[in-house]
>>> print(open('coords-v7.txt').read())   # compact mmCIF, C-alpha atoms and all ligand atoms
# COMPACT_ATOMS: atom_id res chain seq x y z
CA MET A 46 7.97 -5.88 -16.12
CA ILE A 47 9.28 -4.93 -12.67
CA LEU A 48 7.42 -7.66 -10.72
CA LYS A 49 7.41 -10.46 -13.30
CA ASP A 50 6.34 -13.78 -11.70
CA GLN A 51 6.19 -12.29 -8.21
CA VAL A 52 3.35 -12.83 -5.75
CA ALA A 53 1.98 -9.86 -3.80
CA VAL A 54 -0.60 -9.48 -1.06
CA VAL A 55 -2.22 -6.03 -0.91
CA THR A 56 -4.56 -5.69 2.09
CA GLY A 57 -7.65 -3.49 1.82
CA ALA A 58 -7.36 -3.33 -1.98
CA GLY A 59 -11.11 -3.17 -2.53
CA GLN A 60 -10.79 0.54 -3.29
CA GLY A 61 -8.57 3.63 -3.06
CA ILE A 62 -4.79 3.37 -2.76
CA GLY A 63 -4.91 -0.41 -2.31
CA ALA A 64 -6.91 -0.97 -5.50
CA ALA A 65 -4.54 1.28 -7.48
CA THR A 66 -1.57 -0.64 -6.03
CA ALA A 67 -3.02 -4.07 -6.80
CA LYS A 68 -3.76 -3.03 -10.40
CA LEU A 69 -0.31 -1.50 -10.93
CA PHE A 70 1.42 -4.58 -9.47
CA ALA A 71 -0.62 -6.83 -11.78
CA GLN A 72 0.31 -4.70 -14.80
CA GLU A 73 3.94 -5.15 -13.75
CA GLY A 74 3.61 -8.94 -13.80
CA ALA A 75 2.68 -9.87 -10.21
CA ALA A 76 -0.08 -12.25 -9.17
CA VAL A 77 -2.05 -10.28 -6.58
CA PHE A 78 -3.92 -11.59 -3.56
CA ILE A 79 -6.50 -9.20 -2.09
CA PRO A 80 -7.73 -9.61 1.51
CA ASP A 81 -10.37 -7.00 2.38
CA TRP A 82 -13.18 -7.08 4.94
CA ASP A 83 -15.44 -5.72 2.17
CA GLU A 84 -15.54 -8.94 0.13
CA ALA A 85 -17.60 -7.52 -2.74
CA ALA A 86 -15.14 -4.65 -3.22
CA ALA A 87 -12.18 -7.05 -3.11
CA GLN A 88 -13.85 -9.29 -5.71
CA LYS A 89 -14.45 -6.27 -7.94
CA THR A 90 -10.77 -5.28 -7.91
CA ALA A 91 -9.73 -8.89 -8.59
CA GLN A 92 -12.19 -9.19 -11.47
CA GLN A 93 -10.93 -5.94 -13.03
CA ILE A 94 -7.35 -7.26 -12.87
CA VAL A 95 -8.29 -10.62 -14.40
CA LYS A 96 -10.33 -8.91 -17.13
CA ALA A 97 -7.26 -6.83 -18.01
CA GLY A 98 -5.23 -10.04 -18.41
CA GLY A 99 -3.63 -10.20 -14.93
CA LYS A 100 -3.72 -12.69 -12.10
CA ALA A 101 -5.69 -11.91 -8.92
CA LYS A 102 -7.70 -13.57 -6.18
CA ALA A 103 -9.86 -11.92 -3.49
CA MET A 104 -10.66 -13.09 0.03
CA LYS A 105 -12.81 -11.78 2.86
CA CYS A 106 -10.49 -10.94 5.75
CA ASP A 107 -10.42 -8.63 8.74
CA VAL A 108 -6.69 -7.96 9.24
CA SER A 109 -7.28 -6.99 12.87
CA LYS A 110 -8.09 -10.64 13.67
CA GLN A 111 -4.86 -12.58 14.00
CA ALA A 112 -6.34 -15.87 12.76
CA GLU A 113 -7.83 -14.19 9.67
CA ALA A 114 -4.57 -12.39 8.85
CA GLU A 115 -2.65 -15.68 9.10
CA ALA A 116 -5.27 -17.49 7.01
CA ALA A 117 -5.01 -14.82 4.29
CA MET A 118 -1.21 -15.15 3.99
CA ALA A 119 -1.52 -18.96 3.92
CA ALA A 120 -4.25 -18.73 1.26
CA ALA A 121 -2.05 -16.49 -0.91
CA VAL A 122 0.77 -19.05 -0.74
CA LYS A 123 -1.65 -21.89 -1.50
CA GLU A 124 -3.16 -20.01 -4.45
CA PHE A 125 0.03 -18.71 -6.08
CA GLY A 126 2.77 -20.96 -4.65
CA LYS A 127 4.82 -18.36 -2.72
CA LEU A 128 4.76 -14.87 -1.23
CA ASP A 129 7.24 -12.16 -2.23
CA ILE A 130 5.52 -8.89 -1.32
CA LEU A 131 3.14 -7.66 1.39
CA ILE A 132 1.57 -4.20 1.25
CA ASN A 133 -0.13 -3.40 4.55
CA ASN A 134 -2.60 -0.90 3.12
CA ALA A 135 -5.84 -1.60 5.05
CA GLY A 136 -6.62 1.23 7.44
CA ILE A 137 -9.50 3.13 9.00
CA THR A 138 -10.25 6.47 10.65
CA ARG A 139 -12.68 7.12 13.50
CA ASP A 140 -12.12 10.87 13.94
CA VAL A 141 -13.20 12.71 17.08
CA SER A 142 -11.34 15.05 19.45
CA ALA A 143 -9.49 13.23 22.24
CA LEU A 144 -11.73 14.30 25.15
CA LYS A 145 -14.81 13.02 23.30
CA MET A 146 -13.21 9.84 21.96
CA GLU A 147 -14.76 6.66 23.30
CA ALA A 148 -12.75 3.56 24.13
CA HIS A 149 -14.21 1.57 21.22
CA GLN A 150 -13.14 4.32 18.75
CA TRP A 151 -9.61 4.22 20.14
CA GLU A 152 -9.44 0.42 20.22
CA GLN A 153 -10.86 -0.21 16.74
CA VAL A 154 -8.34 2.05 15.04
CA ILE A 155 -5.44 0.53 17.01
CA ALA A 156 -6.71 -2.97 16.15
CA VAL A 157 -6.89 -2.39 12.38
CA ASN A 158 -4.08 0.10 11.70
CA LEU A 159 -1.45 -1.25 14.10
CA SER A 160 -2.28 -4.79 15.27
CA GLY A 161 -3.45 -5.70 11.76
CA VAL A 162 -0.11 -4.68 10.30
CA PHE A 163 1.76 -6.67 12.96
CA TYR A 164 -0.33 -9.82 12.39
CA CYS A 165 -0.06 -9.67 8.59
CA ALA A 166 3.66 -8.85 8.60
CA ARG A 167 4.49 -11.68 11.01
CA ALA A 168 2.44 -14.21 9.07
CA ALA A 169 3.97 -13.11 5.75
CA ALA A 170 7.52 -13.09 7.13
CA ALA A 171 7.18 -16.70 8.23
CA HIS A 172 6.70 -17.66 4.56
CA MET A 173 9.28 -15.18 3.25
CA ARG A 174 11.95 -16.41 5.67
CA GLU A 175 11.81 -19.90 4.13
CA ARG A 176 12.84 -18.43 0.75
CA GLN A 177 15.15 -15.77 2.24
CA TYR A 178 13.38 -13.03 0.27
CA GLY A 179 10.63 -10.54 0.95
CA ARG A 180 9.42 -6.97 0.53
CA ILE A 181 7.02 -5.48 3.09
CA ALA A 182 5.67 -1.92 3.01
CA SER A 183 2.96 -0.41 5.21
CA ALA A 184 0.70 2.64 5.14
CA SER A 185 1.76 5.27 7.65
CA SER A 186 0.55 8.87 7.12
CA ILE A 187 1.64 12.46 7.62
CA GLY A 188 -1.05 12.23 10.31
CA ALA A 189 1.72 10.50 12.31
CA PHE A 190 3.03 14.01 13.08
CA GLY A 191 -0.27 14.90 14.80
CA ASN A 192 -3.67 16.04 13.54
CA PHE A 193 -6.72 17.51 15.28
CA GLY A 194 -9.37 14.85 15.91
CA GLN A 195 -7.05 11.96 15.11
CA ALA A 196 -5.41 10.91 18.40
CA ASN A 197 -6.20 7.26 17.60
CA TYR A 198 -5.17 7.41 13.93
CA SER A 199 -2.06 9.48 14.58
CA ALA A 200 -0.91 7.10 17.32
CA THR A 201 -1.19 4.12 14.96
CA LYS A 202 0.54 5.80 12.05
CA ALA A 203 3.41 6.95 14.30
CA GLY A 204 3.53 3.53 15.98
CA LEU A 205 3.90 1.97 12.56
CA ILE A 206 7.14 3.85 12.01
CA GLY A 207 8.71 2.24 15.10
CA LEU A 208 7.28 -1.15 14.15
CA THR A 209 8.73 -0.80 10.65
CA ARG A 210 12.20 0.08 11.94
CA THR A 211 12.18 -2.82 14.39
CA LEU A 212 10.98 -5.44 11.89
CA ALA A 213 13.57 -4.16 9.41
CA ILE A 214 16.34 -4.76 11.95
CA GLU A 215 15.04 -8.20 12.95
CA TRP A 216 14.27 -9.52 9.45
CA ALA A 217 17.17 -8.16 7.34
CA ARG A 218 18.95 -11.46 8.02
CA TYR A 219 16.12 -13.25 6.18
CA GLY A 220 16.40 -11.10 3.06
CA ILE A 221 13.23 -9.20 3.98
CA THR A 222 13.05 -5.42 3.66
CA VAL A 223 10.42 -3.52 5.68
CA ASN A 224 9.48 0.08 4.87
CA ALA A 225 6.58 2.49 5.35
CA VAL A 226 4.98 5.13 3.16
CA ALA A 227 3.48 8.24 4.75
CA PRO A 228 1.02 9.75 2.25
CA GLY A 229 -0.22 13.30 2.50
CA PHE A 230 -3.68 14.26 1.20
CA ILE A 231 -4.76 11.62 -1.32
CA GLU A 232 -8.18 11.74 -2.99
CA THR A 233 -9.97 8.51 -1.97
CA SER A 234 -13.19 7.64 -0.14
CA MET A 235 -11.26 8.12 3.12
CA THR A 236 -10.85 11.84 2.39
CA ALA A 237 -14.08 12.28 0.37
CA ALA A 238 -16.13 12.95 3.51
CA MET A 239 -14.21 16.18 4.24
CA PRO A 240 -16.16 19.39 3.49
CA GLU A 241 -15.23 20.85 0.08
CA GLU A 242 -13.88 24.08 1.67
CA ALA A 243 -11.59 22.04 3.91
CA LYS A 244 -10.33 20.02 0.93
CA GLU A 245 -9.68 23.20 -1.05
CA ALA A 246 -7.78 24.67 1.91
CA VAL A 247 -5.59 21.55 2.10
CA ARG A 248 -4.95 21.60 -1.67
CA LYS A 249 -3.68 25.19 -1.38
CA THR A 250 -0.99 24.07 1.10
CA ILE A 251 0.48 21.49 -1.29
CA PRO A 252 3.54 22.95 -3.05
CA VAL A 253 3.18 20.79 -6.19
CA GLY A 254 -0.24 22.40 -6.68
CA ARG A 255 -2.56 19.40 -6.66
CA ALA A 256 -3.97 16.75 -4.36
CA GLY A 257 -2.37 13.32 -4.41
CA GLN A 258 -3.97 10.46 -6.34
CA PRO A 259 -3.91 6.76 -5.40
CA ILE A 260 -1.49 6.06 -8.26
CA ASP A 261 1.10 8.40 -6.67
CA ILE A 262 1.26 6.09 -3.65
CA ALA A 263 0.96 2.90 -5.74
CA ARG A 264 4.08 3.91 -7.68
CA THR A 265 5.98 4.38 -4.41
CA TYR A 266 4.96 0.90 -3.22
CA LEU A 267 6.07 -0.48 -6.60
CA PHE A 268 9.51 1.09 -6.20
CA LEU A 269 9.92 -0.28 -2.65
CA SER A 270 8.65 -3.73 -3.70
CA SER A 271 11.01 -4.24 -6.61
CA PRO A 272 13.89 -6.72 -6.42
CA ASN A 273 16.23 -3.73 -6.98
CA ALA A 274 15.19 -2.06 -3.69
CA GLY A 275 17.12 -4.51 -1.50
CA PHE A 276 19.32 -1.85 0.14
CA ILE A 277 16.35 0.21 1.35
CA THR A 278 14.91 -0.88 4.68
CA GLY A 279 13.45 0.49 7.92
CA ARG A 280 12.56 3.83 6.32
CA THR A 281 9.38 5.86 6.09
CA PHE A 282 8.87 7.79 2.85
CA VAL A 283 6.71 10.91 3.02
CA ILE A 284 4.79 11.22 -0.27
CA ASP A 285 2.79 14.43 0.03
CA GLY A 286 3.58 16.81 -2.83
CA GLY A 287 5.72 18.72 -0.32
CA SER A 288 2.92 19.64 2.10
CA ALA A 289 4.78 18.55 5.26
CA LEU A 290 7.64 20.88 4.30
CA HIS A 291 5.55 23.72 5.74
CA GLY A 292 6.58 22.63 9.22
CA GLY A 293 4.88 19.30 9.84
P1 LIG B 1 -9.94 3.57 1.76
O1 LIG B 1 -10.34 4.14 0.44
O2 LIG B 1 -10.85 3.70 2.93
O3 LIG B 1 -9.58 2.01 1.52
C1 LIG B 1 -9.16 1.19 2.58
C2 LIG B 1 -9.65 -0.22 2.32
O4 LIG B 1 -9.25 -1.06 3.43
C3 LIG B 1 -11.17 -0.30 2.25
O5 LIG B 1 -11.57 -1.20 1.23
C4 LIG B 1 -11.54 -0.81 3.64
O6 LIG B 1 -12.80 -1.43 3.70
C5 LIG B 1 -10.39 -1.79 3.86
N1 LIG B 1 -10.25 -2.15 5.28
C6 LIG B 1 -10.42 -1.35 6.35
N2 LIG B 1 -10.25 -2.05 7.48
C7 LIG B 1 -9.98 -3.33 7.11
C8 LIG B 1 -9.71 -4.51 7.84
N3 LIG B 1 -9.74 -4.54 9.19
N4 LIG B 1 -9.42 -5.64 7.17
C9 LIG B 1 -9.43 -5.64 5.81
N5 LIG B 1 -9.69 -4.56 5.08
C10 LIG B 1 -9.97 -3.40 5.71
O7 LIG B 1 -8.53 4.15 2.22
P2 LIG B 1 -7.35 4.86 1.39
O8 LIG B 1 -7.57 6.31 1.42
O9 LIG B 1 -7.12 4.16 0.09
O10 LIG B 1 -6.12 4.58 2.38
C11 LIG B 1 -5.35 3.38 2.33
C12 LIG B 1 -4.28 3.45 3.44
O11 LIG B 1 -3.51 4.63 3.27
C13 LIG B 1 -4.88 3.52 4.84
O12 LIG B 1 -4.08 2.75 5.72
C14 LIG B 1 -4.82 4.98 5.19
O13 LIG B 1 -4.75 5.21 6.57
C15 LIG B 1 -3.55 5.39 4.47
N6 LIG B 1 -3.50 6.83 4.17
C16 LIG B 1 -4.46 7.41 3.35
C17 LIG B 1 -4.38 8.78 3.09
C18 LIG B 1 -5.38 9.50 2.23
O14 LIG B 1 -5.29 10.75 2.12
N7 LIG B 1 -6.32 8.82 1.56
C19 LIG B 1 -3.37 9.55 3.68
C20 LIG B 1 -2.45 8.92 4.50
C21 LIG B 1 -2.52 7.56 4.73
P3 LIG B 1 -14.07 -0.49 4.17
O15 LIG B 1 -14.15 0.62 3.19
O16 LIG B 1 -15.22 -1.43 4.12
O17 LIG B 1 -13.73 -0.03 5.58
>>> encode(input="coords-v7.txt", output="structure tokens", more="lines below")
Ligand code: NAP
Amino acid sequence: MILKDQVAVVTGAGQGIGAATAKLFAQEGAAVFIPDWDEAAAQKTAQQIVKAGGKAKAMKCDVSKQAEAEAAMAAAVKEFGKLDILINNAGITRDVSALKMEAHQWEQVIAVNLSGVFYCARAAAAHMRERQYGRIASASSIGAFGNFGQANYSATKAGLIGLTRTLAIEWARYGITVNAVAPGFIETSMTAAMPEEAKEAVRKTIPVGRAGQPIDIARTYLFLSSPNAGFITGRTFVIDGGSALHGG
């Protein structure tokens, strides 16, 4: 078991990539804490893990609120005794072309996708520093390279790359690694709303010949979160079946 006796927080693990990550981490021996602003969805993931013989606890939390992010990290430590791993997975889209985008659409995406990561990472690092060990990984996106209708989302996912590099430099002395994963097209509820023709067009641009699944990203987080990944930090890993090789 790669994460035997480790404690992981996976934000936004009520569904999609986060849920797949929480379940995989539990299978690999971690106790998993699940803060999600959809409490019922978080409880469902936790119950599925416990039913399968793993350890999990859910909590209602909006990561974009600093006090809630800090309370979630403290609750994970209280519940499971320590904190080894943080996966900053929670994220939202509010797509609209830039000239039509309203301030609240811009601000909400920045608050969740960028400020939320900062608040959670800082709160987690305070606990990790005490034990001189930690693994943090966050959800960027190939949208970081620019995408029509996603000025807000793209700005956060690109901003995350700079944040990741900076935290990696600052926290290496505490034994904490900080990385990001930039998924391509992954089939979750986030992408389900796209018209079928658009999805088919995207699938055709993926060299490996299929859309990504949540488990593809979960396995990448597992690799970056393992004790053996201590020499990998500050990097963003594009996991997209090769789609960005077309010039992204
Ligand atoms: P998803 O299915 O929408 O799941 C995201 C989860 O996070 C949902 O349960 C969501 O709750 C929760 N969440 C959103 N805002 C939150 C907040 N402020 N506090 C706590 N929880 C919150 O998304 P996904 O497709 O699995 O994506 C996961 C991450 O990967 C995101 O950061 C996304 O940007 C990134 N990503 C996804 C893709 C893709 O193709 N799917 C590609 C690149 C990057 P609600 O559903 O209630 O909002």
>>> closest_residue(input="coords-v7.txt", among="A:Ile47, A:Ala182, A:Ala65, A:Ala196", to="Glu147 in chain A", atoms="only C-alpha atoms")
A:Ala196
>>> closest_residue(input="coords-v7.txt", among="A:Thr201, A:Ser142, A:Ser270, A:Thr278", to="Val154 in chain A", atoms="only C-alpha atoms")
A:Thr201
>>> atom_distance(input="coords-v7.txt", atom1="CA of Val283 in chain A", atom2="CA of Lys202 in chain A")
12.1 Å
>>> closest_residue(input="coords-v7.txt", among="A:Cys165, A:Met46, A:Gly61, A:Gly207", to="Pro80 in chain A", atoms="all atoms listed in the file")
A:Cys165
>>> residues_near_ligand(input="coords-v7.txt", ligand="ligand LIG 1 (chain B)", cutoff="7 Å", atoms="only C-alpha atoms and all ligand atoms", output="number ranges by chain")
A: 56-63, 80-83, 86, 106-109, 134-138, 157-158, 161, 184-188, 227-236, 259
>>> atom_distance(input="coords-v7.txt", atom1="CA of Lys89 in chain A", atom2="CA of Gly257 in chain A")
23.3 Å
>>> closest_residue(input="coords-v7.txt", among="A:Ile262, A:Arg167, A:Phe276, A:Gly126", to="Ala64 in chain A", atoms="all atoms listed in the file")
A:Ile262
>>> closest_residue(input="coords-v7.txt", among="A:Ala169, A:Ile94, A:Val162, A:Ile132", to="Ala117 in chain A", atoms="all atoms listed in the file")
A:Ala169
>>> atom_distance(input="coords-v7.txt", atom1="CA of Ala171 in chain A", atom2="CA of Met118 in chain A")
9.5 Å
>>> residues_around(input="coords-v7.txt", residues="range 217-220 of chain A", least_positions_apart="6", cutoff="10 Å", atoms="all atoms listed in the file", output="PyMOL selection string")
chain A and resi 170-171+173-180+275-276+278-279
>>> closest_residue(input="coords-v7.txt", among="A:Ala112, A:Asp285, A:Thr222, A:Leu269", to="Thr250 in chain A", atoms="all atoms listed in the file")
A:Asp285
>>> residues_around(input="coords-v7.txt", residues="range 66-73 of chain A", least_positions_apart="5", cutoff="9 Å", atoms="only C-alpha atoms", output="PyMOL selection string")
chain A and resi 46-49+53-55+58+61+78-79+90-91+93-95+97-101+132+259-260+262-264+266-267
>>> residues_around(input="coords-v7.txt", residues="Gly286 in chain A", least_positions_apart="4", cutoff="7 Å", atoms="all atoms listed in the file", output="PyMOL selection string")
chain A and resi 251-253
>>> residues_around(input="coords-v7.txt", residues="Thr281 in chain A", least_positions_apart="3", cutoff="6 Å", atoms="all atoms listed in the file", output="ChimeraX atom specification")
/A:224-226
